[in-house]
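query_20.pdb follows; it contains PDB, C-alpha atoms.
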```
ATOM      1  CA  MET A   1     -64.976  66.260 -46.380
ATOM      2  CA  LYS A   2     -68.587  66.863 -45.536
ATOM      3  CA  ASN A   3     -69.073  68.846 -48.709
ATOM      4  CA  THR A   4     -67.690  66.066 -50.873
ATOM      5  CA  LEU A   5     -69.945  63.477 -49.255
ATOM      6  CA  ARG A   6     -73.230  65.321 -49.314
ATOM      7  CA  THR A   7     -75.523  66.023 -52.203
ATOM      8  CA  THR A   8     -77.693  69.124 -52.116
ATOM      9  CA  ASP A   9     -80.132  68.536 -54.920
ATOM     10  CA  ALA A  10     -82.580  71.420 -54.726
ATOM     11  CA  ASN A  11     -84.749  69.706 -57.327
ATOM     12  CA  ALA A  12     -85.442  66.655 -55.178
ATOM     13  CA  PRO A  13     -88.684  64.943 -56.192
ATOM     14  CA  ALA A  14     -91.857  65.939 -54.410
ATOM     15  CA  ALA A  15     -93.531  63.729 -51.825
ATOM     16  CA  PRO A  16     -95.621  60.821 -53.149
ATOM     17  CA  VAL A  17     -99.235  61.398 -54.250
ATOM     18  CA  GLN A  18    -102.579  59.638 -53.497
ATOM     19  CA  PRO A  19    -103.225  57.496 -51.586
ATOM     20  CA  LEU A  20    -100.051  58.768 -49.974
ATOM     21  CA  THR A  21     -99.923  62.265 -48.551
ATOM     22  CA  THR A  22     -99.277  65.248 -50.817
ATOM     23  CA  GLU A  23     -98.186  67.453 -47.893
ATOM     24  CA  ALA A  24     -94.888  69.256 -48.383
ATOM     25  CA  ARG A  25     -92.360  67.741 -45.987
ATOM     26  CA  PRO A  26     -88.738  68.505 -45.228
ATOM     27  CA  VAL A  27     -86.606  66.440 -47.585
ATOM     28  CA  GLN A  28     -83.768  64.777 -45.699
ATOM     29  CA  GLN A  29     -80.365  64.041 -47.177
ATOM     30  CA  HIS A  30     -80.968  60.305 -47.358
ATOM     31  CA  GLN A  31     -84.275  60.897 -49.137
ATOM     32  CA  ARG A  32     -82.493  62.948 -51.789
ATOM     33  CA  ARG A  33     -80.381  59.915 -52.575
ATOM     34  CA  ASN A  34     -83.500  57.783 -52.948
ATOM     35  CA  PRO A  35     -85.857  59.527 -55.346
ATOM     36  CA  PRO A  36     -88.990  57.588 -56.334
ATOM     37  CA  ILE A  37     -88.543  55.220 -59.286
ATOM     38  CA  ALA A  38     -90.885  55.509 -62.286
ATOM     39  CA  GLY A  39     -94.001  53.457 -61.629
ATOM     40  CA  GLU A  40     -93.148  53.019 -57.959
ATOM     41  CA  LEU A  41     -96.028  55.060 -56.572
ATOM     42  CA  THR A  42     -98.596  53.086 -58.556
ATOM     43  CA  ALA A  43     -97.027  49.806 -57.479
ATOM     44  CA  ILE A  44     -97.015  50.895 -53.815
ATOM     45  CA  SER A  45    -100.637  51.936 -53.990
ATOM     46  CA  GLN A  46    -101.675  48.650 -55.644
ATOM     47  CA  ALA A  47     -99.562  46.553 -53.271
ATOM     48  CA  GLN A  48    -101.227  48.329 -50.354
ATOM     49  CA  GLN A  49    -104.538  47.022 -51.750
ATOM     50  CA  GLY A  50    -103.140  43.465 -51.710
ATOM     51  CA  ASP A  51    -102.072  43.213 -55.356
ATOM     52  CA  GLY A  52     -99.428  40.451 -55.504
ATOM     53  CA  ALA A  53     -98.173  41.421 -58.967
ATOM     54  CA  ALA A  54     -97.571  44.986 -57.756
ATOM     55  CA  PHE A  55     -95.634  43.630 -54.781
ATOM     56  CA  GLU A  56     -93.466  41.621 -57.177
ATOM     57  CA  ILE A  57     -92.774  44.825 -59.132
ATOM     58  CA  LEU A  58     -91.639  46.492 -55.904
ATOM     59  CA  TYR A  59     -89.448  43.478 -55.142
ATOM     60  CA  ASN A  60     -87.794  43.702 -58.546
ATOM     61  CA  MET A  61     -87.282  47.458 -58.157
ATOM     62  CA  HIS A  62     -85.570  47.176 -54.795
ATOM     63  CA  LYS A  63     -84.104  43.658 -54.493
ATOM     64  CA  ARG A  64     -80.634  44.640 -55.661
ATOM     65  CA  ARG A  65     -80.291  47.564 -53.276
ATOM     66  CA  VAL A  66     -81.684  45.663 -50.280
ATOM     67  CA  TYR A  67     -79.598  42.563 -50.984
ATOM     68  CA  SER A  68     -76.419  44.583 -51.526
ATOM     69  CA  LEU A  69     -77.039  46.372 -48.240
ATOM     70  CA  CYS A  70     -77.540  43.049 -46.390
ATOM     71  CA  LEU A  71     -74.489  41.513 -48.065
ATOM     72  CA  ARG A  72     -72.233  44.435 -47.217
ATOM     73  CA  MET A  73     -73.426  44.550 -43.625
ATOM     74  CA  LEU A  74     -73.144  40.790 -43.098
ATOM     75  CA  GLY A  75     -70.399  39.692 -45.497
ATOM     76  CA  ASN A  76     -72.169  36.356 -46.013
ATOM     77  CA  VAL A  77     -74.255  35.371 -49.064
ATOM     78  CA  ALA A  78     -76.555  32.840 -47.354
ATOM     79  CA  GLU A  79     -77.366  35.175 -44.451
ATOM     80  CA  ALA A  80     -77.790  38.119 -46.819
ATOM     81  CA  GLU A  81     -80.335  36.138 -48.880
ATOM     82  CA  ASP A  82     -82.220  35.000 -45.772
ATOM     83  CA  LEU A  83     -82.438  38.537 -44.473
ATOM     84  CA  THR A  84     -83.405  39.960 -47.859
ATOM     85  CA  GLN A  85     -86.283  37.490 -47.777
ATOM     86  CA  GLU A  86     -87.158  38.526 -44.222
ATOM     87  CA  ALA A  87     -86.990  42.238 -45.104
ATOM     88  CA  PHE A  88     -89.430  41.796 -48.001
ATOM     89  CA  LEU A  89     -91.786  39.634 -45.933
ATOM     90  CA  GLN A  90     -91.765  42.369 -43.331
ATOM     91  CA  LEU A  91     -92.424  44.876 -46.098
ATOM     92  CA  HIS A  92     -95.445  42.830 -47.169
ATOM     93  CA  ARG A  93     -96.790  42.851 -43.613
ATOM     94  CA  LYS A  94     -96.220  46.581 -43.104
ATOM     95  CA  ILE A  95     -96.722  48.167 -46.511
ATOM     96  CA  SER A  96    -100.222  49.341 -45.600
ATOM     97  CA  THR A  97     -98.641  51.557 -42.906
ATOM     98  CA  PHE A  98     -96.452  53.429 -45.413
ATOM     99  CA  ARG A  99     -97.721  57.017 -45.603
ATOM    100  CA  GLY A 100     -94.988  58.690 -47.638
ATOM    101  CA  ASP A 101     -93.356  60.555 -44.746
ATOM    102  CA  SER A 102     -90.046  59.599 -46.342
ATOM    103  CA  ALA A 103     -89.094  58.162 -49.731
ATOM    104  CA  PHE A 104     -90.299  54.568 -50.041
ATOM    105  CA  SER A 105     -86.772  53.270 -50.617
ATOM    106  CA  THR A 106     -85.553  55.111 -47.497
ATOM    107  CA  TRP A 107     -88.361  53.494 -45.516
ATOM    108  CA  LEU A 108     -87.633  50.047 -46.966
ATOM    109  CA  HIS A 109     -83.867  50.301 -46.478
ATOM    110  CA  ARG A 110     -84.339  51.373 -42.891
ATOM    111  CA  MET A 111     -86.531  48.294 -42.440
ATOM    112  CA  ALA A 112     -83.796  46.127 -43.966
ATOM    113  CA  VAL A 113     -81.137  47.674 -41.697
ATOM    114  CA  ASN A 114     -83.328  46.917 -38.678
ATOM    115  CA  VAL A 115     -83.812  43.321 -39.834
ATOM    116  CA  VAL A 116     -80.021  42.900 -40.086
ATOM    117  CA  LEU A 117     -79.400  44.526 -36.692
ATOM    118  CA  MET A 118     -82.087  42.378 -35.073
ATOM    119  CA  HIS A 119     -80.483  39.304 -36.608
ATOM    120  CA  LEU A 120     -77.051  40.289 -35.298
ATOM    121  CA  ARG A 121     -78.439  40.961 -31.841
ATOM    122  CA  LYS A 122     -80.073  37.538 -31.791
ATOM    123  CA  LYS A 123     -76.713  35.962 -32.559
ATOM    124  CA  GLY A 124     -74.889  36.230 -29.245
ATOM    125  CA  LEU A 125     -71.326  36.336 -30.517
ATOM    126  CA  GLN A 126     -71.982  38.934 -33.191
ATOM    127  CA  LEU A 127     -73.762  41.108 -30.660
ATOM    128  CA  VAL A 128     -70.757  41.038 -28.333
ATOM    129  CA  SER A 129     -68.291  41.843 -31.093
ATOM    130  CA  LEU A 130     -70.551  44.607 -32.398
ATOM    131  CA  GLU A 131     -70.778  46.218 -28.977
ATOM    132  CA  GLU A 132     -67.063  45.868 -28.419
ATOM    133  CA  THR A 133     -66.259  47.664 -31.612
ATOM    134  CA  LEU A 134     -68.934  50.248 -30.972
ATOM    135  CA  GLU A 135     -67.517  51.048 -27.556
ATOM    136  CA  PRO A 136     -63.989  52.308 -28.111
ATOM    137  CA  THR A 137     -61.404  51.306 -25.555
ATOM    138  CA  GLN A 138     -58.130  53.052 -24.878
ATOM    139  CA  GLU A 139     -56.228  50.404 -26.793
ATOM    140  CA  ASP A 140     -58.590  50.725 -29.714
ATOM    141  CA  GLY A 141     -58.466  54.507 -30.082
ATOM    142  CA  PRO A 142     -57.880  56.107 -33.459
ATOM    143  CA  ARG A 143     -54.449  55.137 -34.669
ATOM    144  CA  LYS A 144     -52.068  58.027 -35.053
ATOM    145  CA  ASP A 145     -50.117  58.323 -38.227
ATOM    146  CA  PHE A 146     -46.707  59.937 -37.926
ATOM    147  CA  GLY A 147     -44.746  57.888 -40.459
ATOM    148  CA  THR A 148     -43.412  59.046 -43.789
ATOM    149  CA  ARG A 149     -45.722  58.570 -46.770
ATOM    150  CA  ASP A 150     -44.375  56.945 -49.869
ATOM    151  CA  LEU A 151     -47.719  55.681 -51.171
ATOM    152  CA  THR A 152     -50.934  57.585 -51.614
ATOM    153  CA  LEU A 153     -54.225  55.885 -52.330
ATOM    154  CA  SER A 154     -55.565  58.506 -54.698
ATOM    155  CA  GLY A 155     -56.437  56.958 -58.049
ATOM    156  CA  SER A 156     -55.283  53.510 -57.010
ATOM    157  CA  ILE A 157     -58.403  51.802 -55.616
ATOM    158  CA  ASP A 158     -60.761  49.838 -57.803
ATOM    159  CA  ARG A 159     -64.237  48.828 -56.658
ATOM    160  CA  VAL A 160     -63.390  45.171 -56.110
ATOM    161  CA  THR A 161     -60.385  46.025 -53.926
ATOM    162  CA  LEU A 162     -62.455  48.397 -51.814
ATOM    163  CA  GLU A 163     -65.306  45.861 -51.495
ATOM    164  CA  ARG A 164     -62.820  43.248 -50.260
ATOM    165  CA  ALA A 165     -61.265  45.643 -47.785
ATOM    166  CA  VAL A 166     -64.726  46.559 -46.432
ATOM    167  CA  GLU A 167     -65.425  42.836 -45.932
ATOM    168  CA  GLU A 168     -62.314  42.620 -43.749
ATOM    169  CA  LEU A 169     -63.479  45.322 -41.343
ATOM    170  CA  PRO A 170     -64.685  44.239 -37.888
ATOM    171  CA  PRO A 171     -68.526  44.137 -37.754
ATOM    172  CA  GLY A 172     -68.983  47.376 -35.796
ATOM    173  CA  TYR A 173     -66.655  49.355 -38.048
ATOM    174  CA  ARG A 174     -68.180  47.827 -41.173
ATOM    175  CA  MET A 175     -71.714  48.612 -40.027
ATOM    176  CA  VAL A 176     -71.036  52.315 -39.468
ATOM    177  CA  PHE A 177     -68.931  52.628 -42.632
ATOM    178  CA  VAL A 178     -71.581  51.000 -44.827
ATOM    179  CA  LEU A 179     -74.410  53.005 -43.282
ATOM    180  CA  HIS A 180     -72.617  56.356 -43.469
ATOM    181  CA  ASP A 181     -70.229  56.314 -46.409
ATOM    182  CA  VAL A 182     -72.007  53.833 -48.705
ATOM    183  CA  GLU A 183     -75.685  54.266 -47.832
ATOM    184  CA  GLY A 184     -75.543  57.956 -46.909
ATOM    185  CA  TYR A 185     -77.127  57.874 -43.456
ATOM    186  CA  GLU A 186     -76.303  60.736 -41.087
ATOM    187  CA  HIS A 187     -74.575  60.137 -37.755
ATOM    188  CA  ASN A 188     -77.730  60.976 -35.793
ATOM    189  CA  GLU A 189     -79.661  58.334 -37.765
ATOM    190  CA  ILE A 190     -76.905  55.753 -37.260
ATOM    191  CA  ALA A 191     -76.733  56.533 -33.548
ATOM    192  CA  GLY A 192     -80.471  55.882 -33.317
ATOM    193  CA  MET A 193     -80.249  52.622 -35.249
ATOM    194  CA  LEU A 194     -77.234  51.249 -33.391
ATOM    195  CA  GLN A 195     -78.245  52.699 -30.025
ATOM    196  CA  CYS A 196     -74.964  54.495 -29.529
ATOM    197  CA  SER A 197     -73.994  58.162 -29.230
ATOM    198  CA  ILE A 198     -73.412  60.412 -32.238
ATOM    199  CA  GLY A 199     -69.814  60.885 -31.089
ATOM    200  CA  ASN A 200     -69.407  57.127 -31.000
ATOM    201  CA  SER A 201     -70.717  56.826 -34.534
ATOM    202  CA  LYS A 202     -68.257  59.483 -35.744
ATOM    203  CA  SER A 203     -65.417  57.821 -33.903
ATOM    204  CA  GLN A 204     -66.274  54.386 -35.320
ATOM    205  CA  LEU A 205     -66.471  55.787 -38.833
ATOM    206  CA  HIS A 206     -63.077  57.424 -38.483
ATOM    207  CA  LYS A 207     -61.533  54.219 -37.195
ATOM    208  CA  ALA A 208     -63.157  52.274 -40.011
ATOM    209  CA  ARG A 209     -61.648  54.620 -42.606
ATOM    210  CA  MET A 210     -58.255  54.441 -40.890
ATOM    211  CA  ARG A 211     -58.419  50.639 -40.902
ATOM    212  CA  LEU A 212     -59.447  50.643 -44.559
ATOM    213  CA  ARG A 213     -56.559  52.925 -45.407
ATOM    214  CA  SER A 214     -54.206  50.519 -43.717
ATOM    215  CA  LEU A 215     -55.723  47.515 -45.534
ATOM    216  CA  LEU A 216     -55.641  49.267 -48.888
ATOM    217  CA  ARG A 217     -52.048  50.395 -48.408
ATOM    218  CA  GLN A 218     -51.080  46.826 -47.532
ATOM    219  CA  ASN A 219     -52.755  45.748 -50.728
ATOM    220  CA  MET A 220     -50.863  48.398 -52.698
ATOM    221  CA  GLY A 221     -47.595  47.383 -51.044
ATOM    222  CA  GLY A 222     -48.281  43.735 -51.906
ATOM    223  CA  ARG A 223     -48.927  44.616 -55.522
ATOM    224  CA  ALA A 224     -45.813  46.827 -55.692
ATOM    225  CA  GLY A 225     -43.678  44.037 -54.223
ATOM    226  CA  ALA A 226     -45.111  41.342 -56.502
TER     227      ALA A 226
ATOM    228  CA  MET B   1     -34.028  68.693 -33.826
ATOM    229  CA  THR B   2     -35.511  66.162 -31.384
ATOM    230  CA  ASN B   3     -37.617  68.872 -29.761
ATOM    231  CA  GLN B   4     -38.860  69.971 -33.165
ATOM    232  CA  THR B   5     -39.821  66.379 -34.017
ATOM    233  CA  THR B   6     -41.588  65.937 -30.681
ATOM    234  CA  ASN B   7     -43.508  69.181 -31.136
ATOM    235  CA  ALA B   8     -44.493  68.175 -34.672
ATOM    236  CA  SER B   9     -45.719  64.801 -33.398
ATOM    237  CA  LYS B  10     -47.779  66.527 -30.721
ATOM    238  CA  GLU B  11     -49.323  68.795 -33.324
ATOM    239  CA  CYS B  12     -50.111  65.791 -35.524
ATOM    240  CA  SER B  13     -51.547  63.874 -32.593
ATOM    241  CA  LYS B  14     -53.761  66.797 -31.603
ATOM    242  CA  PHE B  15     -54.908  67.288 -35.201
ATOM    243  CA  GLN B  16     -55.644  63.597 -35.757
ATOM    244  CA  GLN B  17     -57.648  63.355 -32.541
ATOM    245  CA  GLN B  18     -59.899  66.115 -33.873
ATOM    246  CA  LEU B  19     -60.210  64.593 -37.357
ATOM    247  CA  PRO B  20     -63.598  62.837 -36.813
ATOM    248  CA  GLU B  21     -65.133  66.220 -35.889
ATOM    249  CA  PHE B  22     -63.323  68.067 -38.683
ATOM    250  CA  PHE B  23     -64.635  65.632 -41.281
ATOM    251  CA  ASP B  24     -68.199  66.123 -40.121
ATOM    252  CA  SER B  25     -68.037  69.919 -39.879
ATOM    253  CA  GLU B  26     -68.921  72.414 -42.565
ATOM    254  CA  VAL B  27     -65.406  73.887 -42.413
ATOM    255  CA  SER B  28     -63.262  72.906 -45.376
ATOM    256  CA  MET B  29     -60.258  70.725 -44.571
ATOM    257  CA  SER B  30     -58.072  73.009 -46.663
ATOM    258  CA  ASP B  31     -58.691  75.740 -44.087
ATOM    259  CA  GLN B  32     -57.055  73.711 -41.310
ATOM    260  CA  PRO B  33     -53.787  75.516 -40.472
ATOM    261  CA  HIS B  34     -51.974  72.287 -39.553
ATOM    262  CA  LEU B  35     -52.404  70.926 -43.066
ATOM    263  CA  LYS B  36     -50.556  73.875 -44.565
ATOM    264  CA  THR B  37     -47.356  72.765 -42.856
ATOM    265  CA  CYS B  38     -47.704  68.987 -42.402
ATOM    266  CA  ALA B  39     -47.298  66.786 -45.481
ATOM    267  CA  ASN B  40     -47.954  63.654 -43.460
ATOM    268  CA  CYS B  41     -51.353  64.716 -42.138
ATOM    269  CA  SER B  42     -52.210  66.192 -45.547
ATOM    270  CA  ALA B  43     -51.577  62.779 -47.131
ATOM    271  CA  LEU B  44     -53.672  61.115 -44.436
ATOM    272  CA  VAL B  45     -56.591  63.474 -45.004
ATOM    273  CA  ARG B  46     -56.346  63.026 -48.787
ATOM    274  CA  ASP B  47     -56.480  59.236 -48.364
ATOM    275  CA  LEU B  48     -59.444  59.327 -45.977
ATOM    276  CA  GLU B  49     -61.336  61.689 -48.252
ATOM    277  CA  TYR B  50     -60.548  59.463 -51.207
ATOM    278  CA  ILE B  51     -61.856  56.374 -49.389
ATOM    279  CA  ALA B  52     -65.093  58.173 -48.485
ATOM    280  CA  VAL B  53     -65.616  59.342 -52.068
ATOM    281  CA  GLN B  54     -64.924  55.869 -53.470
ATOM    282  CA  ALA B  55     -67.319  54.307 -50.935
ATOM    283  CA  LYS B  56     -70.081  56.555 -52.192
ATOM    284  CA  LEU B  57     -69.525  55.106 -55.648
ATOM    285  CA  LEU B  58     -69.997  51.522 -54.461
ATOM    286  CA  LEU B  59     -73.221  50.832 -56.278
ATOM    287  CA  PRO B  60     -75.554  47.988 -55.399
ATOM    288  CA  ILE B  61     -74.394  45.474 -57.980
ATOM    289  CA  HIS B  62     -75.340  42.186 -56.391
ATOM    290  CA  ASP B  63     -78.615  40.461 -57.187
ATOM    291  CA  PRO B  64     -80.111  37.884 -54.844
ATOM    292  CA  SER B  65     -80.615  34.376 -56.175
ATOM    293  CA  PRO B  66     -84.047  33.749 -57.812
ATOM    294  CA  VAL B  67     -84.680  31.345 -54.922
ATOM    295  CA  VAL B  68     -85.215  34.350 -52.638
ATOM    296  CA  TRP B  69     -88.308  35.471 -54.553
ATOM    297  CA  GLN B  70     -89.555  31.879 -54.816
ATOM    298  CA  ASN B  71     -89.296  31.565 -51.024
ATOM    299  CA  ILE B  72     -91.089  34.868 -50.497
ATOM    300  CA  GLN B  73     -93.874  33.800 -52.851
ATOM    301  CA  SER B  74     -94.158  30.453 -51.120
ATOM    302  CA  VAL B  75     -94.498  32.069 -47.662
ATOM    303  CA  LEU B  76     -97.049  34.604 -48.939
ATOM    304  CA  THR B  77     -99.121  31.881 -50.619
ATOM    305  CA  LYS B  78     -99.045  29.788 -47.450
ATOM    306  CA  ASN B  79    -100.111  32.789 -45.342
ATOM    307  CA  LEU B  80    -102.951  33.501 -47.758
ATOM    308  CA  HIS B  81    -104.230  29.915 -47.486
ATOM    309  CA  ASN B  82    -104.041  30.074 -43.698
ATOM    310  CA  ASP B  83    -106.002  33.341 -43.669
ATOM    311  CA  GLU B  84    -108.641  31.862 -45.983
ATOM    312  CA  GLN B  85    -109.012  28.779 -43.786
ATOM    313  CA  LYS B  86    -109.424  30.927 -40.672
ATOM    314  CA  SER B  87    -112.163  32.998 -42.297
TER     315      SER B  87
END
```

What is this file in structure tokens?
Amino acid sequence: MKNTLRTTDANAPAAPVQPLTTEARPVQQHQRRNPPIAGELTAISQAQQGDGAAFEILYNMHKRRVYSLCLRMLGNVAEAEDLTQEAFLQLHRKISTFRGDSAFSTWLHRMAVNVVLMHLRKKGLQLVSLEETLEPTQEDGPRKDFGTRDLTLSGSIDRVTLERAVEELPPGYRMVFVLHDVEGYEHNEIAGMLQCSIGNSKSQLHKARMRLRSLLRQNMGGRAGA
Amino acid sequence: MTNQTTNASKECSKFQQQLPEFFDSEVSMSDQPHLKTCANCSALVRDLEYIAVQAKLLLPIHDPSPVVWQNIQSVLTKNLHNDEQKS
């Protein structure tokens, strides 16, 4: 599956220019998915000088992606809006430290992910449930599938159905699924962010997909029986 | 017949335990010998691949309420005033 999930765009945009570095740097997979937007470099440069209008341009360029990320990770509109606000306030505080080592959007999204994780860690109950689902137990191992298959998912899922199924995932599963399959982070990056092992990240992703398959098949069965 | 079923289940179990690693390796799933003989695991792999591909297509479609930017602006303005007063 790796090949179907990865893009290998050899024509990935070059690193940002002045006042950001022009040094050639290795372009990571996640950076390839986040090429600079037209006018972004100018806006970054001006925002770094304290230009409020330029900061608003950056907000408008990235608000949808940051908010969607928060919403998918949290599954709650009010919290997602609060944390979008927090992520952009943090961006305002730290934008002068951006040096173009990665794409700006990669840098910003990583900041937003950290804001969400920090928020979840501050909330005792969510932290416990996150850790529980990030630490597989024997009972919670990958479900085996030996039954006969009458239904296949191929061609049957629409975006809304998948979004709803993702919302139903336990927090730990949802986090890894959103970061890896939706946002395109690698397992080593996720392991660093969630402070778990790479194997754990892979295992959680697999269990998330298995759970989604089950949810989506239930949905298909419900529709077929209706 | 029962032995055959048990052996098949063991093969499936072994294959499915290795799936997380298989998915993340450079080796194509179609090269996995077990999938050439097991329709059940083939269907499972097809579904999981399909889910991953569909997830990649989940575009950011939600916009935050305009209140979010108003709040950000309000905090930034307040911070600016505080900084000016300090200096």

message: Between A:Met193, A:Leu71, A:Ala47, A:Ala53, which residue has the minimum interatomic distance to Met118 (chain A), considering all atoms listed in the file?
response: A:Met193

query: Written as number ranges by chain, which residues does the PyMOL selection byres ((chain B) within 9 of (chain A)) give for the file shown?
result: B: 9, 12-13, 16-17, 19-29, 39-41, 43-65, 67-69, 71-73, 75-76

message: I'd like the residues picked by the PyMOL selection byres ((chain A and resi 43) around 10) written out as a VMD selection string, using the chain letters and numbers from the file.
response: chain A and resid 38 to 42 44 to 49 51 to 58

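CA of Phe104 (chain A) lies 17.6 Å from CA of Cys70 (chain A).
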
- request: Grab the CA of Arg211 (chain A) to CA of Thr37 (chain B) distance for me, in Å with one decimal place.
  value: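 The value is 24.8 Å.
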
task: State, in Å with one decimal place, the distance from CA of Asn82 (chain B) to CA of Val116 (chain A).
output: 27.5 Å

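The shell of residues at most 9 Å from Glu167 (chain A), with only C-alpha atoms counted and near chain neighbours (fewer than 3 positions) removed, consists of Arg72, Met73, Leu74, Gly75, Leu162, Glu163, Arg164, Pro170, Pro171 and Arg174 of chain A.
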